[in-house]
Amino acid sequence: MVQILLLTGMLTGLSACSLLNLSSSGHRTYDADQELSQYYSDKRQEERNRARTQLGRPSAKSDDPQLDARITLNRLERQISTKNEKALYYKYKPYIPDDNARIDFLRTQSYEAKSEWLRRKKITTEVFEYPKIIQDLINNNDICLGMTRQAVQESWGEPDVKEVAGDPMYGNERWKYSTSVSTENGFNQETRYVFFDGGLVSGWEKQ
């Protein structure tokens with residue numbers, strides 16, 4: 001009888017330990033779920049902030065269609081699977097008219113289908129005529145976000161220095177211009193930097 005009571009006590013103790021371990025394990029799982037949820041929340045916020053910066057719209061709302069399109073485009077660009085498809089996309093990216101069209105292109109399956117998409121849409125790297133808003137900027141020696149390298153060169157001329165970040169295929173560059181600017185005290189030397197992301201102007205600064 002004593003042995004049976006001892007065995008029962010041991011089993012009860014083991015059950016209690018198991019419950020404690022399960023409870024402890026459950027608590028750890030809960031914490032891990034919270035951490036994972038916070039991680040993905042931070043990543044989404046990071047994506048939104050990057051898209052806002054790219055669009056030059058730091059106060060864009062989360063439900064803004066343009067912001068949503070840029071976030072989707074950034075994700076699809078990261079998922080391009082082959083080197084040939086990457087080369088094709090980044091060669092023509094500056095000439096595909098907007099983010100929605102780029103999304104449509106990237107969702108097209110296979111290299112051959114993408115090439116056909118370009119032919120069907122009559123997308124070419126040879127620009128014979130710019131949209132009026134771009135042509136007006138070129139005529140006034142000005143630039144804007146989303147401008148192609150070719151358009152910037154026609155507006156500001158050949159840069160003094162071209163710097164390339166990473167693989168040239170991606171079109172991530174910084175161009176440096178040195179120019180004389182008229183002021184009340186005569187002419188001052190001004191340095192201008194133009195930044196390109198995927199072959200398109202993403203920002204500039206003057207020093």
# chains A, B, ... in the order shown; residues from 1 in each chain; ligands from 1
call {"tool": "select_by_dssp", "arguments": {"residues": "chain A", "states": "alpha helix (DSSP H)", "output": "mmCIF file with C-alpha atoms, in the first residue's frame"}}
result
data_model
loop_
_atom_site.group_PDB
_atom_site.id
_atom_site.type_symbol
_atom_site.label_atom_id
_atom_site.label_comp_id
_atom_site.auth_asym_id
_atom_site.auth_seq_id
_atom_site.Cartn_x
_atom_site.Cartn_y
_atom_site.Cartn_z
ATOM 1 C CA VAL A 2 2.842 2.342 0.892
ATOM 2 C CA GLN A 3 4.492 1.635 -2.462
ATOM 3 C CA ILE A 4 1.233 2.377 -4.318
ATOM 4 C CA LEU A 5 0.809 5.687 -2.455
ATOM 5 C CA LEU A 6 4.405 6.645 -3.183
ATOM 6 C CA LEU A 7 3.961 5.802 -6.866
ATOM 7 C CA THR A 8 0.724 7.812 -6.996
ATOM 8 C CA GLY A 9 2.500 10.735 -5.364
ATOM 9 C CA MET A 10 5.347 10.537 -7.855
ATOM 10 C CA LEU A 11 2.916 10.451 -10.803
ATOM 11 C CA THR A 12 1.032 13.430 -9.382
ATOM 12 C CA GLY A 13 4.311 15.286 -8.989
ATOM 13 C CA LEU A 14 5.347 14.462 -12.543
ATOM 14 C CA SER A 15 1.966 15.651 -13.845
ATOM 15 C CA ALA A 16 2.382 18.913 -11.975
ATOM 16 C CA CYS A 17 5.876 19.347 -13.420
ATOM 17 C CA SER A 18 4.537 18.647 -16.898
ATOM 18 C CA LEU A 19 1.853 21.262 -16.408
ATOM 19 C CA LEU A 20 4.439 23.751 -15.194
ATOM 20 C CA ASN A 21 6.664 23.056 -18.201
ATOM 21 C CA LEU A 22 3.716 23.322 -20.561
ATOM 22 C CA SER A 23 2.686 26.591 -18.983
ATOM 23 C CA SER A 24 6.241 27.897 -19.131
ATOM 24 C CA SER A 25 6.591 26.734 -22.748
ATOM 25 C CA GLY A 26 3.268 28.315 -23.631
ATOM 26 C CA HIS A 27 4.429 31.625 -22.146
ATOM 27 C CA ARG A 28 7.624 31.515 -24.191
ATOM 28 C CA THR A 29 5.627 30.777 -27.348
ATOM 29 C CA TYR A 30 3.383 33.756 -26.628
ATOM 30 C CA ASP A 31 6.419 36.019 -26.259
ATOM 31 C CA ALA A 32 7.904 34.648 -29.476
ATOM 32 C CA ASP A 33 4.640 35.285 -31.341
ATOM 33 C CA GLN A 34 4.620 38.867 -30.104
ATOM 34 C CA GLU A 35 8.234 39.375 -31.161
ATOM 35 C CA LEU A 36 7.531 37.883 -34.603
ATOM 36 C CA SER A 37 4.465 40.085 -35.000
ATOM 37 C CA GLN A 38 6.513 43.152 -34.039
ATOM 38 C CA TYR A 39 9.263 42.146 -36.487
ATOM 39 C CA TYR A 40 6.839 41.972 -39.419
ATOM 40 C CA SER A 41 5.174 45.203 -38.325
ATOM 41 C CA ASP A 42 8.578 46.930 -38.328
ATOM 42 C CA LYS A 43 9.391 45.472 -41.766
ATOM 43 C CA ARG A 44 6.101 46.759 -43.192
ATOM 44 C CA GLN A 45 6.784 50.201 -41.743
ATOM 45 C CA GLU A 46 10.288 50.113 -43.206
ATOM 46 C CA GLU A 47 8.814 49.232 -46.622
ATOM 47 C CA ARG A 48 6.349 52.116 -46.393
ATOM 48 C CA ASN A 49 9.042 54.596 -45.371
ATOM 49 C CA ARG A 50 11.316 53.487 -48.219
ATOM 50 C CA ALA A 51 8.477 53.832 -50.728
ATOM 51 C CA ARG A 52 7.608 57.299 -49.390
ATOM 52 C CA THR A 53 11.226 58.389 -49.805
ATOM 53 C CA GLN A 54 11.388 57.003 -53.343
ATOM 54 C CA LEU A 55 8.198 58.839 -54.286
ATOM 55 C CA PRO A 65 -2.624 53.805 -54.169
ATOM 56 C CA GLN A 66 0.730 55.142 -55.381
ATOM 57 C CA LEU A 67 2.389 54.082 -52.147
ATOM 58 C CA ASP A 68 0.825 50.604 -52.378
ATOM 59 C CA ALA A 69 2.015 50.258 -55.976
ATOM 60 C CA ARG A 70 5.583 51.249 -55.086
ATOM 61 C CA ILE A 71 5.692 48.776 -52.178
ATOM 62 C CA THR A 72 4.430 45.996 -54.472
ATOM 63 C CA LEU A 73 6.980 46.951 -57.130
ATOM 64 C CA ASN A 74 9.858 46.888 -54.638
ATOM 65 C CA ARG A 75 8.822 43.395 -53.516
ATOM 66 C CA LEU A 76 8.580 42.104 -57.090
ATOM 67 C CA GLU A 77 11.987 43.555 -57.951
ATOM 68 C CA ARG A 78 13.532 41.589 -55.076
ATOM 69 C CA LYS A 83 20.100 37.255 -64.233
ATOM 70 C CA ASN A 84 18.731 37.581 -67.777
ATOM 71 C CA GLU A 85 15.351 38.758 -66.507
ATOM 72 C CA LYS A 86 17.058 41.233 -64.162
ATOM 73 C CA ALA A 87 19.139 42.614 -67.023
ATOM 74 C CA LEU A 88 16.056 42.924 -69.235
ATOM 75 C CA TYR A 89 13.996 44.643 -66.552
ATOM 76 C CA TYR A 90 16.597 47.179 -65.430
ATOM 77 C CA LYS A 91 17.483 48.027 -69.018
ATOM 78 C CA TYR A 92 13.892 48.978 -69.787
ATOM 79 C CA ASP A 99 4.802 51.593 -61.389
ATOM 80 C CA ASN A 100 1.595 49.799 -62.382
ATOM 81 C CA ALA A 101 3.024 49.009 -65.819
ATOM 82 C CA ARG A 102 6.270 47.791 -64.216
ATOM 83 C CA ILE A 103 4.255 45.543 -61.904
ATOM 84 C CA ASP A 104 2.403 44.140 -64.914
ATOM 85 C CA PHE A 105 5.731 43.487 -66.647
ATOM 86 C CA LEU A 106 7.277 41.726 -63.637
ATOM 87 C CA TYR A 111 11.905 35.918 -70.282
ATOM 88 C CA GLU A 112 10.257 35.339 -73.661
ATOM 89 C CA ALA A 113 6.861 36.540 -72.416
ATOM 90 C CA LYS A 114 8.457 39.657 -70.935
ATOM 91 C CA SER A 115 10.216 40.390 -74.237
ATOM 92 C CA GLU A 116 6.893 40.027 -76.031
ATOM 93 C CA TRP A 117 5.284 42.361 -73.477
ATOM 94 C CA LEU A 118 7.858 45.035 -74.350
ATOM 95 C CA ARG A 119 7.248 44.599 -78.070
ATOM 96 C CA ARG A 120 3.476 44.705 -77.631
ATOM 97 C CA LYS A 121 3.675 47.888 -75.548
ATOM 98 C CA LYS A 132 5.544 67.753 -72.541
ATOM 99 C CA ILE A 133 6.214 68.167 -68.808
ATOM 100 C CA ILE A 134 9.667 66.564 -69.183
ATOM 101 C CA GLN A 135 10.479 68.484 -72.355
ATOM 102 C CA ASP A 136 9.564 71.763 -70.619
ATOM 103 C CA LEU A 137 11.940 70.916 -67.758
ATOM 104 C CA ILE A 138 14.734 70.111 -70.214
ATOM 105 C CA ASN A 139 14.141 73.399 -72.036
ATOM 106 C CA ARG A 149 19.465 59.557 -67.069
ATOM 107 C CA GLN A 150 19.127 60.488 -70.732
ATOM 108 C CA ALA A 151 16.716 63.331 -69.906
ATOM 109 C CA VAL A 152 18.973 64.647 -67.121
ATOM 110 C CA GLN A 153 21.912 64.623 -69.502
ATOM 111 C CA GLU A 154 19.919 66.604 -72.059
ATOM 112 C CA SER A 155 18.921 69.094 -69.351
ATOM 113 C CA TRP A 156 22.205 69.515 -67.472
#
call {"tool": "residues_around", "arguments": {"residues": "Gly203 (chain A)", "least_positions_apart": "4", "cutoff": "7 Å", "atoms": "only C-alpha atoms", "output": "ChimeraX atom specification"}}
result
/A:145,194-195
call {"tool": "atom_distance", "arguments": {"atom1": "CA of Asp160 (chain A)", "atom2": "CA of Asn172 (chain A)"}}
result
16.9 Å
call {"tool": "atom_distance", "arguments": {"atom1": "CA of Thr108 (chain A)", "atom2": "CA of Thr124 (chain A)"}}
result
17.7 Å
call {"tool": "atom_distance", "arguments": {"atom1": "CA of Gln207 (chain A)", "atom2": "CA of Glu184 (chain A)"}}
result
17.7 Å
call {"tool": "closest_residue", "arguments": {"among": "A:Gln109, A:Cys144, A:Gln189, A:Glu205", "to": "Arg174 (chain A)", "atoms": "only C-alpha atoms"}}
result
A:Glu205
call {"tool": "residues_around", "arguments": {"residues": "Thr179 (chain A)", "least_positions_apart": "5", "cutoff": "9 Å", "atoms": "only C-alpha atoms", "output": "list in words"}}
result
Asn188, Gln189, Glu190, Thr191 and Arg192 of chain A
call {"tool": "closest_residue", "arguments": {"among": "A:Gly198, A:Pro131, A:Pro94, A:Pro58", "to": "Gly171 (chain A)", "atoms": "only C-alpha atoms"}}
result
A:Gly198
call {"tool": "select_by_dssp", "arguments": {"residues": "chain A", "states": "strand (DSSP E or B)", "output": "PyMOL selection string"}}
result
chain A and resi 148+161-164+173-183+186-197+200-206
call {"tool": "residues_around", "arguments": {"residues": "Leu200 (chain A)", "least_positions_apart": "4", "cutoff": "6 Å", "atoms": "only C-alpha atoms", "output": "number ranges by chain"}}
result
A: 94, 146-148, 196
call {"tool": "write_last_selection", "arguments": {"atoms": "C-alpha atoms", "output": "PDB file, in the first residue's frame"}}
result
ATOM      1  CA  PRO A  94      13.267  53.812 -66.945  1.00  0.00           C
ATOM      2  CA  GLY A 146      11.524  59.986 -61.967  1.00  0.00           C
ATOM      3  CA  MET A 147      13.518  61.562 -64.806  1.00  0.00           C
ATOM      4  CA  THR A 148      15.689  59.207 -66.856  1.00  0.00           C
ATOM      5  CA  PHE A 196      19.495  57.611 -59.534  1.00  0.00           C
TER       6      PHE A 196
END
call {"tool": "decode", "arguments": {"residues": "region 155-184 of chain A", "atoms": "N, CA and C atoms", "output": "mmCIF file, in the first residue's frame"}}
result
data_model
loop_
_atom_site.group_PDB
_atom_site.id
_atom_site.type_symbol
_atom_site.label_atom_id
_atom_site.label_comp_id
_atom_site.auth_asym_id
_atom_site.auth_seq_id
_atom_site.Cartn_x
_atom_site.Cartn_y
_atom_site.Cartn_z
ATOM 1 N N SER A 155 19.234 67.874 -70.094
ATOM 2 C CA SER A 155 18.921 69.094 -69.351
ATOM 3 C C SER A 155 20.171 69.758 -68.782
ATOM 4 N N TRP A 156 21.037 68.971 -68.167
ATOM 5 C CA TRP A 156 22.205 69.515 -67.472
ATOM 6 C C TRP A 156 23.532 69.208 -68.159
ATOM 7 N N GLY A 157 23.495 68.403 -69.177
ATOM 8 C CA GLY A 157 24.722 68.056 -69.868
ATOM 9 C C GLY A 157 25.423 66.854 -69.244
ATOM 10 N N GLU A 158 26.577 66.532 -69.785
ATOM 11 C CA GLU A 158 27.376 65.406 -69.285
ATOM 12 C C GLU A 158 27.924 65.744 -67.901
ATOM 13 N N PRO A 159 27.750 64.861 -66.914
ATOM 14 C CA PRO A 159 28.259 65.154 -65.567
ATOM 15 C C PRO A 159 29.782 65.106 -65.514
ATOM 16 N N ASP A 160 30.339 65.769 -64.510
ATOM 17 C CA ASP A 160 31.794 65.731 -64.312
ATOM 18 C C ASP A 160 32.239 64.352 -63.834
ATOM 19 N N VAL A 161 31.416 63.750 -62.992
ATOM 20 C CA VAL A 161 31.752 62.437 -62.427
ATOM 21 C C VAL A 161 30.489 61.584 -62.374
ATOM 22 N N LYS A 162 30.627 60.306 -62.748
ATOM 23 C CA LYS A 162 29.549 59.328 -62.589
ATOM 24 C C LYS A 162 30.033 58.246 -61.632
ATOM 25 N N GLU A 163 29.321 58.062 -60.536
ATOM 26 C CA GLU A 163 29.657 57.025 -59.561
ATOM 27 C C GLU A 163 28.570 55.961 -59.579
ATOM 28 N N VAL A 164 28.986 54.712 -59.575
ATOM 29 C CA VAL A 164 28.041 53.592 -59.655
ATOM 30 C C VAL A 164 28.072 52.809 -58.347
ATOM 31 N N ALA A 165 26.897 52.539 -57.784
ATOM 32 C CA ALA A 165 26.787 51.738 -56.563
ATOM 33 C C ALA A 165 26.394 50.314 -56.933
ATOM 34 N N GLY A 166 27.259 49.341 -56.613
ATOM 35 C CA GLY A 166 26.944 47.942 -56.905
ATOM 36 C C GLY A 166 27.042 47.624 -58.385
ATOM 37 N N ASP A 167 26.242 46.662 -58.809
ATOM 38 C CA ASP A 167 26.236 46.219 -60.202
ATOM 39 C C ASP A 167 25.650 47.320 -61.087
ATOM 40 N N PRO A 168 26.377 47.748 -62.140
ATOM 41 C CA PRO A 168 25.865 48.804 -63.036
ATOM 42 C C PRO A 168 24.505 48.469 -63.642
ATOM 43 N N MET A 169 24.186 47.180 -63.732
ATOM 44 C CA MET A 169 22.911 46.753 -64.306
ATOM 45 C C MET A 169 21.718 47.415 -63.615
ATOM 46 N N TYR A 170 21.836 47.665 -62.292
ATOM 47 C CA TYR A 170 20.700 48.171 -61.530
ATOM 48 C C TYR A 170 20.463 49.666 -61.719
ATOM 49 N N GLY A 171 21.415 50.365 -62.285
ATOM 50 C CA GLY A 171 21.221 51.795 -62.546
ATOM 51 C C GLY A 171 21.194 52.662 -61.306
ATOM 52 N N ASN A 172 21.903 52.236 -60.239
ATOM 53 C CA ASN A 172 21.985 53.041 -59.018
ATOM 54 C C ASN A 172 23.268 53.872 -59.078
ATOM 55 N N GLU A 173 23.117 55.155 -59.329
ATOM 56 C CA GLU A 173 24.278 56.001 -59.600
ATOM 57 C C GLU A 173 24.158 57.349 -58.894
ATOM 58 N N ARG A 174 25.318 58.016 -58.801
ATOM 59 C CA ARG A 174 25.351 59.410 -58.351
ATOM 60 C C ARG A 174 26.173 60.203 -59.358
ATOM 61 N N TRP A 175 25.559 61.262 -59.879
ATOM 62 C CA TRP A 175 26.247 62.121 -60.835
ATOM 63 C C TRP A 175 26.625 63.425 -60.147
ATOM 64 N N LYS A 176 27.825 63.895 -60.470
ATOM 65 C CA LYS A 176 28.313 65.143 -59.877
ATOM 66 C C LYS A 176 28.473 66.203 -60.959
ATOM 67 N N TYR A 177 27.930 67.371 -60.685
ATOM 68 C CA TYR A 177 28.068 68.521 -61.580
ATOM 69 C C TYR A 177 28.718 69.671 -60.811
ATOM 70 N N SER A 178 29.615 70.375 -61.455
ATOM 71 C CA SER A 178 30.186 71.604 -60.902
ATOM 72 C C SER A 178 29.807 72.746 -61.833
ATOM 73 N N THR A 179 29.244 73.798 -61.260
ATOM 74 C CA THR A 179 28.782 74.904 -62.098
ATOM 75 C C THR A 179 28.965 76.228 -61.378
ATOM 76 N N SER A 180 29.017 77.308 -62.128
ATOM 77 C CA SER A 180 29.121 78.653 -61.562
ATOM 78 C C SER A 180 27.730 79.260 -61.470
ATOM 79 N N VAL A 181 27.414 79.806 -60.292
ATOM 80 C CA VAL A 181 26.093 80.381 -60.049
ATOM 81 C C VAL A 181 26.234 81.871 -59.773
ATOM 82 N N SER A 182 25.411 82.658 -60.445
ATOM 83 C CA SER A 182 25.454 84.109 -60.270
ATOM 84 C C SER A 182 24.815 84.508 -58.940
ATOM 85 N N THR A 183 25.515 85.335 -58.158
ATOM 86 C CA THR A 183 24.991 85.859 -56.895
ATOM 87 C C THR A 183 25.199 87.377 -56.859
ATOM 88 N N GLU A 184 24.731 88.009 -55.776
ATOM 89 C CA GLU A 184 24.905 89.460 -55.631
ATOM 90 C C GLU A 184 26.377 89.833 -55.549
#
